[in-house]
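Coordinates as given in target-v9.pdb (PDB, N, CA and C atoms):
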```
ATOM      1  N   MET A   6     -11.933 116.284  30.024
ATOM      2  CA  MET A   6     -11.015 115.270  29.541
ATOM      3  C   MET A   6     -11.157 114.026  30.428
ATOM      4  N   GLY A   7     -11.325 112.873  29.804
ATOM      5  CA  GLY A   7     -11.471 111.620  30.533
ATOM      6  C   GLY A   7     -10.137 111.049  30.979
ATOM      7  N   ILE A   8     -10.182 110.018  31.807
ATOM      8  CA  ILE A   8      -8.967 109.401  32.334
ATOM      9  C   ILE A   8      -8.103 108.808  31.228
ATOM     10  N   THR A   9      -8.734 108.229  30.209
ATOM     11  CA  THR A   9      -7.974 107.636  29.100
ATOM     12  C   THR A   9      -7.161 108.700  28.379
ATOM     13  N   GLU A  10      -7.771 109.835  28.120
ATOM     14  CA  GLU A  10      -7.054 110.922  27.456
ATOM     15  C   GLU A  10      -5.921 111.448  28.328
ATOM     16  N   LYS A  11      -6.179 111.528  29.634
ATOM     17  CA  LYS A  11      -5.132 112.001  30.546
ATOM     18  C   LYS A  11      -3.951 111.042  30.552
ATOM     19  N   ILE A  12      -4.229 109.755  30.592
ATOM     20  CA  ILE A  12      -3.153 108.760  30.594
ATOM     21  C   ILE A  12      -2.381 108.819  29.276
ATOM     22  N   ASN A  13      -3.113 108.862  28.162
ATOM     23  CA  ASN A  13      -2.459 108.909  26.855
ATOM     24  C   ASN A  13      -1.641 110.181  26.666
ATOM     25  N   GLY A  14      -2.063 111.263  27.299
ATOM     26  CA  GLY A  14      -1.357 112.533  27.161
ATOM     27  C   GLY A  14      -0.301 112.771  28.230
ATOM     28  N   ALA A  15      -0.146 111.826  29.139
ATOM     29  CA  ALA A  15       0.813 112.007  30.237
ATOM     30  C   ALA A  15       2.245 111.987  29.724
ATOM     31  N   LYS A  16       3.071 112.775  30.355
ATOM     32  CA  LYS A  16       4.485 112.838  30.011
ATOM     33  C   LYS A  16       5.164 111.539  30.430
ATOM     34  N   LYS A  17       5.965 110.971  29.536
ATOM     35  CA  LYS A  17       6.710 109.751  29.840
ATOM     36  C   LYS A  17       7.863 110.098  30.779
ATOM     37  N   THR A  18       8.051 109.270  31.801
ATOM     38  CA  THR A  18       9.123 109.500  32.760
ATOM     39  C   THR A  18       9.616 108.170  33.305
ATOM     40  N   ASN A  19      10.806 108.159  33.839
ATOM     41  CA  ASN A  19      11.349 106.944  34.444
ATOM     42  C   ASN A  19      11.779 107.192  35.893
ATOM     43  N   TRP A  20      11.245 108.230  36.516
ATOM     44  CA  TRP A  20      11.665 108.571  37.870
ATOM     45  C   TRP A  20      11.408 107.437  38.849
ATOM     46  N   VAL A  21      10.391 106.621  38.614
ATOM     47  CA  VAL A  21      10.079 105.525  39.530
ATOM     48  C   VAL A  21      11.167 104.469  39.491
ATOM     49  N   SER A  22      11.684 104.182  38.311
ATOM     50  CA  SER A  22      12.662 103.108  38.171
ATOM     51  C   SER A  22      14.106 103.591  38.131
ATOM     52  N   GLU A  23      14.321 104.883  38.276
ATOM     53  CA  GLU A  23      15.671 105.421  38.257
ATOM     54  C   GLU A  23      16.491 104.818  39.390
ATOM     55  N   GLY A  24      17.657 104.283  39.079
ATOM     56  CA  GLY A  24      18.524 103.696  40.098
ATOM     57  C   GLY A  24      18.166 102.260  40.449
ATOM     58  N   ILE A  25      17.182 101.695  39.774
ATOM     59  CA  ILE A  25      16.773 100.313  40.016
ATOM     60  C   ILE A  25      17.148  99.509  38.784
ATOM     61  N   SER A  26      17.736  98.342  38.995
ATOM     62  CA  SER A  26      18.140  97.523  37.851
ATOM     63  C   SER A  26      16.927  97.018  37.085
ATOM     64  N   ALA A  27      17.147  96.666  35.846
ATOM     65  CA  ALA A  27      16.080  96.121  35.014
ATOM     66  C   ALA A  27      15.532  94.837  35.624
ATOM     67  N   ALA A  28      16.401  94.039  36.224
ATOM     68  CA  ALA A  28      15.964  92.783  36.853
ATOM     69  C   ALA A  28      15.032  93.063  38.031
ATOM     70  N   GLU A  29      15.342  94.097  38.825
ATOM     71  CA  GLU A  29      14.475  94.451  39.949
ATOM     72  C   GLU A  29      13.106  94.939  39.473
ATOM     73  N   VAL A  30      13.092  95.725  38.424
ATOM     74  CA  VAL A  30      11.832  96.220  37.879
ATOM     75  C   VAL A  30      11.005  95.045  37.369
ATOM     76  N   LYS A  31      11.636  94.138  36.607
ATOM     77  CA  LYS A  31      10.929  92.984  36.070
ATOM     78  C   LYS A  31      10.389  92.113  37.198
ATOM     79  N   THR A  32      11.178  91.904  38.246
ATOM     80  CA  THR A  32      10.740  91.104  39.389
ATOM     81  C   THR A  32       9.512  91.726  40.041
ATOM     82  N   THR A  33       9.544  93.023  40.253
ATOM     83  CA  THR A  33       8.427  93.722  40.872
ATOM     84  C   THR A  33       7.167  93.591  40.029
ATOM     85  N   VAL A  34       7.305  93.748  38.738
ATOM     86  CA  VAL A  34       6.156  93.644  37.834
ATOM     87  C   VAL A  34       5.588  92.226  37.854
ATOM     88  N   GLU A  35       6.455  91.222  37.761
ATOM     89  CA  GLU A  35       5.986  89.828  37.739
ATOM     90  C   GLU A  35       5.316  89.449  39.057
ATOM     91  N   LEU A  36       5.888  89.875  40.186
ATOM     92  CA  LEU A  36       5.262  89.587  41.483
ATOM     93  C   LEU A  36       3.895  90.239  41.579
ATOM     94  N   ALA A  37       3.773  91.448  41.066
ATOM     95  CA  ALA A  37       2.479  92.140  41.091
ATOM     96  C   ALA A  37       1.453  91.390  40.246
ATOM     97  N   LYS A  38       1.868  90.875  39.088
ATOM     98  CA  LYS A  38       0.951  90.126  38.228
ATOM     99  C   LYS A  38       0.478  88.849  38.923
ATOM    100  N   ILE A  39       1.403  88.133  39.546
ATOM    101  CA  ILE A  39       1.053  86.888  40.240
ATOM    102  C   ILE A  39       0.102  87.176  41.392
ATOM    103  N   SER A  40       0.435  88.180  42.187
ATOM    104  CA  SER A  40      -0.415  88.546  43.325
ATOM    105  C   SER A  40      -1.813  88.938  42.875
ATOM    106  N   ALA A  41      -1.870  89.724  41.807
ATOM    107  CA  ALA A  41      -3.168  90.164  41.293
ATOM    108  C   ALA A  41      -3.990  88.976  40.801
ATOM    109  N   LYS A  42      -3.342  87.996  40.176
ATOM    110  CA  LYS A  42      -4.052  86.811  39.686
ATOM    111  C   LYS A  42      -4.636  86.021  40.853
ATOM    112  N   ILE A  43      -3.858  85.851  41.915
ATOM    113  CA  ILE A  43      -4.340  85.124  43.091
ATOM    114  C   ILE A  43      -5.506  85.876  43.726
ATOM    115  N   GLU A  44      -5.361  87.182  43.858
ATOM    116  CA  GLU A  44      -6.441  87.983  44.440
ATOM    117  C   GLU A  44      -7.693  87.911  43.567
ATOM    118  N   ARG A  45      -7.532  87.979  42.254
ATOM    119  CA  ARG A  45      -8.670  87.900  41.338
ATOM    120  C   ARG A  45      -9.379  86.557  41.483
ATOM    121  N   CYS A  46      -8.619  85.470  41.625
ATOM    122  CA  CYS A  46      -9.229  84.146  41.822
ATOM    123  C   CYS A  46     -10.037  84.123  43.120
ATOM    124  N   ARG A  47      -9.460  84.678  44.184
ATOM    125  CA  ARG A  47     -10.172  84.710  45.468
ATOM    126  C   ARG A  47     -11.474  85.480  45.339
ATOM    127  N   LEU A  48     -11.408  86.643  44.700
ATOM    128  CA  LEU A  48     -12.607  87.464  44.542
ATOM    129  C   LEU A  48     -13.632  86.777  43.646
ATOM    130  N   ASP A  49     -13.165  86.104  42.595
ATOM    131  CA  ASP A  49     -14.077  85.369  41.719
ATOM    132  C   ASP A  49     -14.771  84.237  42.459
ATOM    133  N   LEU A  50     -14.084  83.668  43.451
ATOM    134  CA  LEU A  50     -14.690  82.620  44.275
ATOM    135  C   LEU A  50     -15.630  83.200  45.334
ATOM    136  N   GLY A  51     -15.641  84.535  45.454
ATOM    137  CA  GLY A  51     -16.511  85.206  46.416
ATOM    138  C   GLY A  51     -16.080  84.989  47.854
ATOM    139  N   MET A  52     -14.778  84.859  48.062
ATOM    140  CA  MET A  52     -14.267  84.556  49.400
ATOM    141  C   MET A  52     -13.533  85.741  50.008
ATOM    142  N   THR A  53     -13.628  85.826  51.335
ATOM    143  CA  THR A  53     -12.790  86.756  52.080
ATOM    144  C   THR A  53     -11.390  86.147  52.155
ATOM    145  N   GLN A  54     -10.423  86.921  52.604
ATOM    146  CA  GLN A  54      -9.082  86.364  52.791
ATOM    147  C   GLN A  54      -9.116  85.198  53.784
ATOM    148  N   LYS A  55      -9.905  85.335  54.827
ATOM    149  CA  LYS A  55      -9.989  84.275  55.832
ATOM    150  C   LYS A  55     -10.573  82.990  55.234
ATOM    151  N   GLU A  56     -11.657  83.115  54.477
ATOM    152  CA  GLU A  56     -12.271  81.946  53.843
ATOM    153  C   GLU A  56     -11.317  81.308  52.823
ATOM    154  N   PHE A  57     -10.640  82.153  52.069
ATOM    155  CA  PHE A  57      -9.686  81.675  51.073
ATOM    156  C   PHE A  57      -8.525  80.949  51.743
ATOM    157  N   ALA A  58      -8.076  81.484  52.870
ATOM    158  CA  ALA A  58      -6.982  80.853  53.613
ATOM    159  C   ALA A  58      -7.381  79.449  54.046
ATOM    160  N   GLU A  59      -8.589  79.300  54.556
ATOM    161  CA  GLU A  59      -9.072  77.977  54.957
ATOM    162  C   GLU A  59      -9.128  77.042  53.755
ATOM    163  N   TYR A  60      -9.626  77.536  52.632
ATOM    164  CA  TYR A  60      -9.710  76.755  51.404
ATOM    165  C   TYR A  60      -8.322  76.306  50.934
ATOM    166  N   MET A  61      -7.346  77.201  51.052
ATOM    167  CA  MET A  61      -5.991  76.922  50.576
ATOM    168  C   MET A  61      -5.143  76.169  51.601
ATOM    169  N   GLY A  62      -5.608  76.107  52.853
ATOM    170  CA  GLY A  62      -4.847  75.419  53.897
ATOM    171  C   GLY A  62      -3.685  76.226  54.437
ATOM    172  N   VAL A  63      -3.848  77.552  54.437
ATOM    173  CA  VAL A  63      -2.826  78.460  54.966
ATOM    174  C   VAL A  63      -3.499  79.456  55.916
ATOM    175  N   THR A  64      -2.722  80.338  56.501
ATOM    176  CA  THR A  64      -3.279  81.363  57.381
ATOM    177  C   THR A  64      -3.770  82.557  56.567
ATOM    178  N   GLN A  65      -4.628  83.354  57.182
ATOM    179  CA  GLN A  65      -5.091  84.579  56.534
ATOM    180  C   GLN A  65      -3.910  85.515  56.305
ATOM    181  N   GLY A  66      -2.947  85.512  57.223
ATOM    182  CA  GLY A  66      -1.751  86.336  57.069
ATOM    183  C   GLY A  66      -0.965  85.970  55.820
ATOM    184  N   MET A  67      -0.908  84.671  55.501
ATOM    185  CA  MET A  67      -0.204  84.231  54.298
ATOM    186  C   MET A  67      -0.928  84.715  53.048
ATOM    187  N   VAL A  68      -2.246  84.627  53.048
ATOM    188  CA  VAL A  68      -3.008  85.138  51.899
ATOM    189  C   VAL A  68      -2.743  86.635  51.742
ATOM    190  N   SER A  69      -2.710  87.349  52.842
ATOM    191  CA  SER A  69      -2.416  88.782  52.795
ATOM    192  C   SER A  69      -1.037  89.033  52.187
ATOM    193  N   ARG A  70      -0.047  88.241  52.573
ATOM    194  CA  ARG A  70       1.300  88.388  52.002
ATOM    195  C   ARG A  70       1.287  88.055  50.512
ATOM    196  N   TRP A  71       0.548  86.995  50.118
ATOM    197  CA  TRP A  71       0.457  86.655  48.697
ATOM    198  C   TRP A  71      -0.095  87.821  47.897
ATOM    199  N   GLU A  72      -1.077  88.510  48.455
ATOM    200  CA  GLU A  72      -1.748  89.596  47.740
ATOM    201  C   GLU A  72      -1.045  90.942  47.890
ATOM    202  N   SER A  73       0.059  90.975  48.616
ATOM    203  CA  SER A  73       0.747  92.239  48.915
ATOM    204  C   SER A  73       1.521  92.811  47.732
ATOM    205  N   ARG A  74       1.687  92.027  46.691
ATOM    206  CA  ARG A  74       2.497  92.396  45.514
ATOM    207  C   ARG A  74       3.990  92.384  45.824
ATOM    208  N   GLU A  75       4.385  91.891  47.010
ATOM    209  CA  GLU A  75       5.791  91.864  47.388
ATOM    210  C   GLU A  75       6.276  90.489  47.825
ATOM    211  N   TYR A  76       5.369  89.539  48.015
ATOM    212  CA  TYR A  76       5.749  88.206  48.485
ATOM    213  C   TYR A  76       6.593  87.518  47.417
ATOM    214  N   ASN A  77       7.730  86.966  47.824
ATOM    215  CA  ASN A  77       8.643  86.315  46.886
ATOM    216  C   ASN A  77       8.311  84.825  46.817
ATOM    217  N   PHE A  78       7.453  84.461  45.892
ATOM    218  CA  PHE A  78       7.002  83.086  45.733
ATOM    219  C   PHE A  78       8.148  82.182  45.310
ATOM    220  N   THR A  79       8.081  80.925  45.732
ATOM    221  CA  THR A  79       8.978  79.920  45.188
ATOM    222  C   THR A  79       8.243  79.201  44.066
ATOM    223  N   ILE A  80       8.974  78.511  43.228
ATOM    224  CA  ILE A  80       8.338  77.724  42.165
ATOM    225  C   ILE A  80       7.400  76.699  42.795
ATOM    226  N   ARG A  81       7.841  76.089  43.881
ATOM    227  CA  ARG A  81       7.014  75.095  44.572
ATOM    228  C   ARG A  81       5.710  75.707  45.067
ATOM    229  N   SER A  82       5.801  76.867  45.747
ATOM    230  CA  SER A  82       4.576  77.470  46.285
ATOM    231  C   SER A  82       3.632  77.878  45.160
ATOM    232  N   LEU A  83       4.175  78.381  44.061
ATOM    233  CA  LEU A  83       3.323  78.746  42.926
ATOM    234  C   LEU A  83       2.649  77.521  42.327
ATOM    235  N   ASN A  84       3.379  76.434  42.196
ATOM    236  CA  ASN A  84       2.784  75.207  41.669
ATOM    237  C   ASN A  84       1.670  74.702  42.578
ATOM    238  N   GLU A  85       1.869  74.779  43.897
ATOM    239  CA  GLU A  85       0.841  74.338  44.840
ATOM    240  C   GLU A  85      -0.400  75.229  44.755
ATOM    241  N   ILE A  86      -0.200  76.526  44.676
ATOM    242  CA  ILE A  86      -1.312  77.468  44.564
ATOM    243  C   ILE A  86      -2.075  77.205  43.265
ATOM    244  N   CYS A  87      -1.348  77.089  42.167
ATOM    245  CA  CYS A  87      -1.983  76.863  40.867
ATOM    246  C   CYS A  87      -2.750  75.548  40.839
ATOM    247  N   GLU A  88      -2.180  74.507  41.414
ATOM    248  CA  GLU A  88      -2.863  73.217  41.441
ATOM    249  C   GLU A  88      -4.189  73.319  42.182
ATOM    250  N   LYS A  89      -4.174  73.976  43.335
ATOM    251  CA  LYS A  89      -5.384  74.115  44.146
ATOM    252  C   LYS A  89      -6.447  74.956  43.431
ATOM    253  N   LEU A  90      -6.001  75.951  42.655
ATOM    254  CA  LEU A  90      -6.937  76.860  41.997
ATOM    255  C   LEU A  90      -7.265  76.450  40.564
ATOM    256  N   GLY A  91      -6.673  75.360  40.105
ATOM    257  CA  GLY A  91      -6.929  74.915  38.736
ATOM    258  C   GLY A  91      -6.311  75.811  37.685
ATOM    259  N   LEU A  92      -5.226  76.483  38.042
ATOM    260  CA  LEU A  92      -4.516  77.361  37.111
ATOM    261  C   LEU A  92      -3.327  76.613  36.521
ATOM    262  N   SER A  93      -2.859  77.056  35.376
ATOM    263  CA  SER A  93      -1.636  76.483  34.829
ATOM    264  C   SER A  93      -0.517  77.501  34.980
ATOM    265  N   MET A  94       0.683  76.984  35.109
ATOM    266  CA  MET A  94       1.837  77.856  35.272
ATOM    267  C   MET A  94       2.947  77.340  34.378
ATOM    268  N   SER A  95       3.630  78.241  33.730
ATOM    269  CA  SER A  95       4.806  77.848  32.970
ATOM    270  C   SER A  95       5.897  78.874  33.209
ATOM    271  N   VAL A  96       7.089  78.386  33.310
ATOM    272  CA  VAL A  96       8.250  79.250  33.479
ATOM    273  C   VAL A  96       9.130  78.998  32.277
ATOM    274  N   GLY A  97       9.479  80.027  31.581
ATOM    275  CA  GLY A  97      10.285  79.836  30.385
ATOM    276  C   GLY A  97      11.401  80.844  30.282
ATOM    277  N   ILE A  98      12.447  80.409  29.657
ATOM    278  CA  ILE A  98      13.555  81.297  29.317
ATOM    279  C   ILE A  98      13.619  81.267  27.805
ATOM    280  N   ASP A  99      13.366  82.388  27.177
ATOM    281  CA  ASP A  99      13.123  82.419  25.743
ATOM    282  C   ASP A  99      14.359  82.489  24.853
ATOM    283  N   LYS A 100      15.418  83.061  25.314
ATOM    284  CA  LYS A 100      16.573  83.252  24.438
ATOM    285  C   LYS A 100      17.711  82.340  24.865
ATOM    286  N   SER A 101      18.612  82.103  23.935
ATOM    287  CA  SER A 101      19.788  81.305  24.288
ATOM    288  C   SER A 101      20.735  82.166  25.107
ATOM    289  N   CYS A 102      21.577  81.509  25.839
ATOM    290  CA  CYS A 102      22.502  82.189  26.734
ATOM    291  C   CYS A 102      23.492  83.027  25.921
ATOM    292  N   ALA A 103      23.654  84.269  26.329
ATOM    293  CA  ALA A 103      24.617  85.143  25.661
ATOM    294  C   ALA A 103      26.013  84.810  26.162
ATOM    295  N   LYS A 104      26.955  84.711  25.256
ATOM    296  CA  LYS A 104      28.329  84.394  25.638
ATOM    297  C   LYS A 104      29.013  85.667  26.072
ATOM    298  N   LYS A 105      29.488  85.650  27.311
ATOM    299  CA  LYS A 105      30.184  86.821  27.841
ATOM    300  C   LYS A 105      31.593  86.417  28.223
ATOM    301  N   ARG A 106      32.503  87.310  28.048
ATOM    302  CA  ARG A 106      33.876  87.075  28.494
ATOM    303  C   ARG A 106      33.993  87.525  29.929
ATOM    304  N   LEU A 107      34.632  86.720  30.714
ATOM    305  CA  LEU A 107      34.821  87.077  32.132
ATOM    306  C   LEU A 107      36.050  87.885  32.336
TER     307      LEU A 107
END
```
Please, can you express the file's structure as structure tokens?
Amino acid sequence: MGITEKINGAKKTNWVSEGISAAEVKTTVELAKISAKIERCRLDLGMTQKEFAEYMGVTQGMVSRWESREYNFTIRSLNEICEKLGLSMSVGIDKSCAKKRL
């Protein structure tokens, strides 16, 4: 049995996210996507973290934090990273505000 069949046949579970709010799960997923994109750009450029840090004007430690999947980016830092790498970024809120009674 190949890996695809194993994944498709795996039992669905939520033990990883049990006790974690939906917002925390979404934040973790989005940070991982951003980090992976930055790492993919670095690798596509054929650079080490140190070389990439010099290119970006930051320390190698900062690049490591960016790629850690846990760094909490600001909108400003993301815009600066995207500008330097020629990436586009958009932040959107898709639905109208739900009216809640306090």
- Task: Grab the atom N of A:Gln54 to atom CA of A:Val68 distance for me, in Å with one decimal place.
- Result: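 Interatomic distance here is 7.7 Å.
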Run the PyMOL selection byres (((chain A and resi 35-52 and name CA) around 8) and name CA) on the file and write out the hits as a PDB file with N, CA and C atoms, in the coordinates of the input.
```pdb
ATOM      1  N   LYS A  31      11.636  94.138  36.607  1.00  0.00           N
ATOM      2  CA  LYS A  31      10.929  92.984  36.070  1.00  0.00           C
ATOM      3  C   LYS A  31      10.389  92.113  37.198  1.00  0.00           C
ATOM      4  N   THR A  32      11.178  91.904  38.246  1.00  0.00           N
ATOM      5  CA  THR A  32      10.740  91.104  39.389  1.00  0.00           C
ATOM      6  C   THR A  32       9.512  91.726  40.041  1.00  0.00           C
ATOM      7  N   THR A  33       9.544  93.023  40.253  1.00  0.00           N
ATOM      8  CA  THR A  33       8.427  93.722  40.872  1.00  0.00           C
ATOM      9  C   THR A  33       7.167  93.591  40.029  1.00  0.00           C
ATOM     10  N   VAL A  34       7.305  93.748  38.738  1.00  0.00           N
ATOM     11  CA  VAL A  34       6.156  93.644  37.834  1.00  0.00           C
ATOM     12  C   VAL A  34       5.588  92.226  37.854  1.00  0.00           C
ATOM     13  N   THR A  53     -13.628  85.826  51.335  1.00  0.00           N
ATOM     14  CA  THR A  53     -12.790  86.756  52.080  1.00  0.00           C
ATOM     15  C   THR A  53     -11.390  86.147  52.155  1.00  0.00           C
ATOM     16  N   GLN A  54     -10.423  86.921  52.604  1.00  0.00           N
ATOM     17  CA  GLN A  54      -9.082  86.364  52.791  1.00  0.00           C
ATOM     18  C   GLN A  54      -9.116  85.198  53.784  1.00  0.00           C
ATOM     19  N   LYS A  55      -9.905  85.335  54.827  1.00  0.00           N
ATOM     20  CA  LYS A  55      -9.989  84.275  55.832  1.00  0.00           C
ATOM     21  C   LYS A  55     -10.573  82.990  55.234  1.00  0.00           C
ATOM     22  N   GLU A  56     -11.657  83.115  54.477  1.00  0.00           N
ATOM     23  CA  GLU A  56     -12.271  81.946  53.843  1.00  0.00           C
ATOM     24  C   GLU A  56     -11.317  81.308  52.823  1.00  0.00           C
ATOM     25  N   PHE A  57     -10.640  82.153  52.069  1.00  0.00           N
ATOM     26  CA  PHE A  57      -9.686  81.675  51.073  1.00  0.00           C
ATOM     27  C   PHE A  57      -8.525  80.949  51.743  1.00  0.00           C
ATOM     28  N   TRP A  71       0.548  86.995  50.118  1.00  0.00           N
ATOM     29  CA  TRP A  71       0.457  86.655  48.697  1.00  0.00           C
ATOM     30  C   TRP A  71      -0.095  87.821  47.897  1.00  0.00           C
ATOM     31  N   GLU A  72      -1.077  88.510  48.455  1.00  0.00           N
ATOM     32  CA  GLU A  72      -1.748  89.596  47.740  1.00  0.00           C
ATOM     33  C   GLU A  72      -1.045  90.942  47.890  1.00  0.00           C
ATOM     34  N   SER A  73       0.059  90.975  48.616  1.00  0.00           N
ATOM     35  CA  SER A  73       0.747  92.239  48.915  1.00  0.00           C
ATOM     36  C   SER A  73       1.521  92.811  47.732  1.00  0.00           C
ATOM     37  N   ARG A  74       1.687  92.027  46.691  1.00  0.00           N
ATOM     38  CA  ARG A  74       2.497  92.396  45.514  1.00  0.00           C
ATOM     39  C   ARG A  74       3.990  92.384  45.824  1.00  0.00           C
ATOM     40  N   GLU A  75       4.385  91.891  47.010  1.00  0.00           N
ATOM     41  CA  GLU A  75       5.791  91.864  47.388  1.00  0.00           C
ATOM     42  C   GLU A  75       6.276  90.489  47.825  1.00  0.00           C
ATOM     43  N   TYR A  76       5.369  89.539  48.015  1.00  0.00           N
ATOM     44  CA  TYR A  76       5.749  88.206  48.485  1.00  0.00           C
ATOM     45  C   TYR A  76       6.593  87.518  47.417  1.00  0.00           C
ATOM     46  N   ASN A  77       7.730  86.966  47.824  1.00  0.00           N
ATOM     47  CA  ASN A  77       8.643  86.315  46.886  1.00  0.00           C
ATOM     48  C   ASN A  77       8.311  84.825  46.817  1.00  0.00           C
ATOM     49  N   PHE A  78       7.453  84.461  45.892  1.00  0.00           N
ATOM     50  CA  PHE A  78       7.002  83.086  45.733  1.00  0.00           C
ATOM     51  C   PHE A  78       8.148  82.182  45.310  1.00  0.00           C
ATOM     52  N   LEU A  90      -6.001  75.951  42.655  1.00  0.00           N
ATOM     53  CA  LEU A  90      -6.937  76.860  41.997  1.00  0.00           C
ATOM     54  C   LEU A  90      -7.265  76.450  40.564  1.00  0.00           C
TER      55      LEU A  90
END
```
- Message: I need the alpha helix (DSSP H) residues of chain A per DSSP on the backbone, written as JSON, numbers by chain.
- Response: {"A": [8, 9, 10, 11, 12, 13, 14, 27, 28, 29, 30, 31, 32, 33, 34, 35, 36, 37, 38, 39, 40, 41, 42, 43, 44, 45, 46, 47, 48, 49, 54, 55, 56, 57, 58, 59, 60, 61, 65, 66, 67, 68, 69, 70, 71, 80, 81, 82, 83, 84, 85, 86, 87, 88, 89, 90]}
- Query: Excluding same-chain residues fewer than 5 positions from A:Glu85, what lies within 12 Å of it counting only C-alpha atoms, as a list in words?
  - Reply: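 These residues fall inside the cut-off: Met61, Gly62, Val63, Phe78, Thr79, Ile80, Leu90, Gly91, Leu92, Ser93 and Met94 of chain A.
Pairwise distance (atom C of A:Tyr60, atom CA of A:Lys89) equals 7.7 Å.
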- Item | Distance in Å - atom CA of A:Ala27 versus atom CA of A:Gly14 |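 Between these atoms lies a distance of 25.2 Å.
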Please enclose the listed atoms of stretch 39-53 of chain A in an axis-aligned box, pad each side by 3 Å, and write out the centre and the three edge lengths in Å, rounded to one decimal, as AutoDock Vina command-line options.
```
--center_x -7.6 --center_y 86.4 --center_z 45.9 --size_x 23.9 --size_y 13.5 --size_z 18.6
```
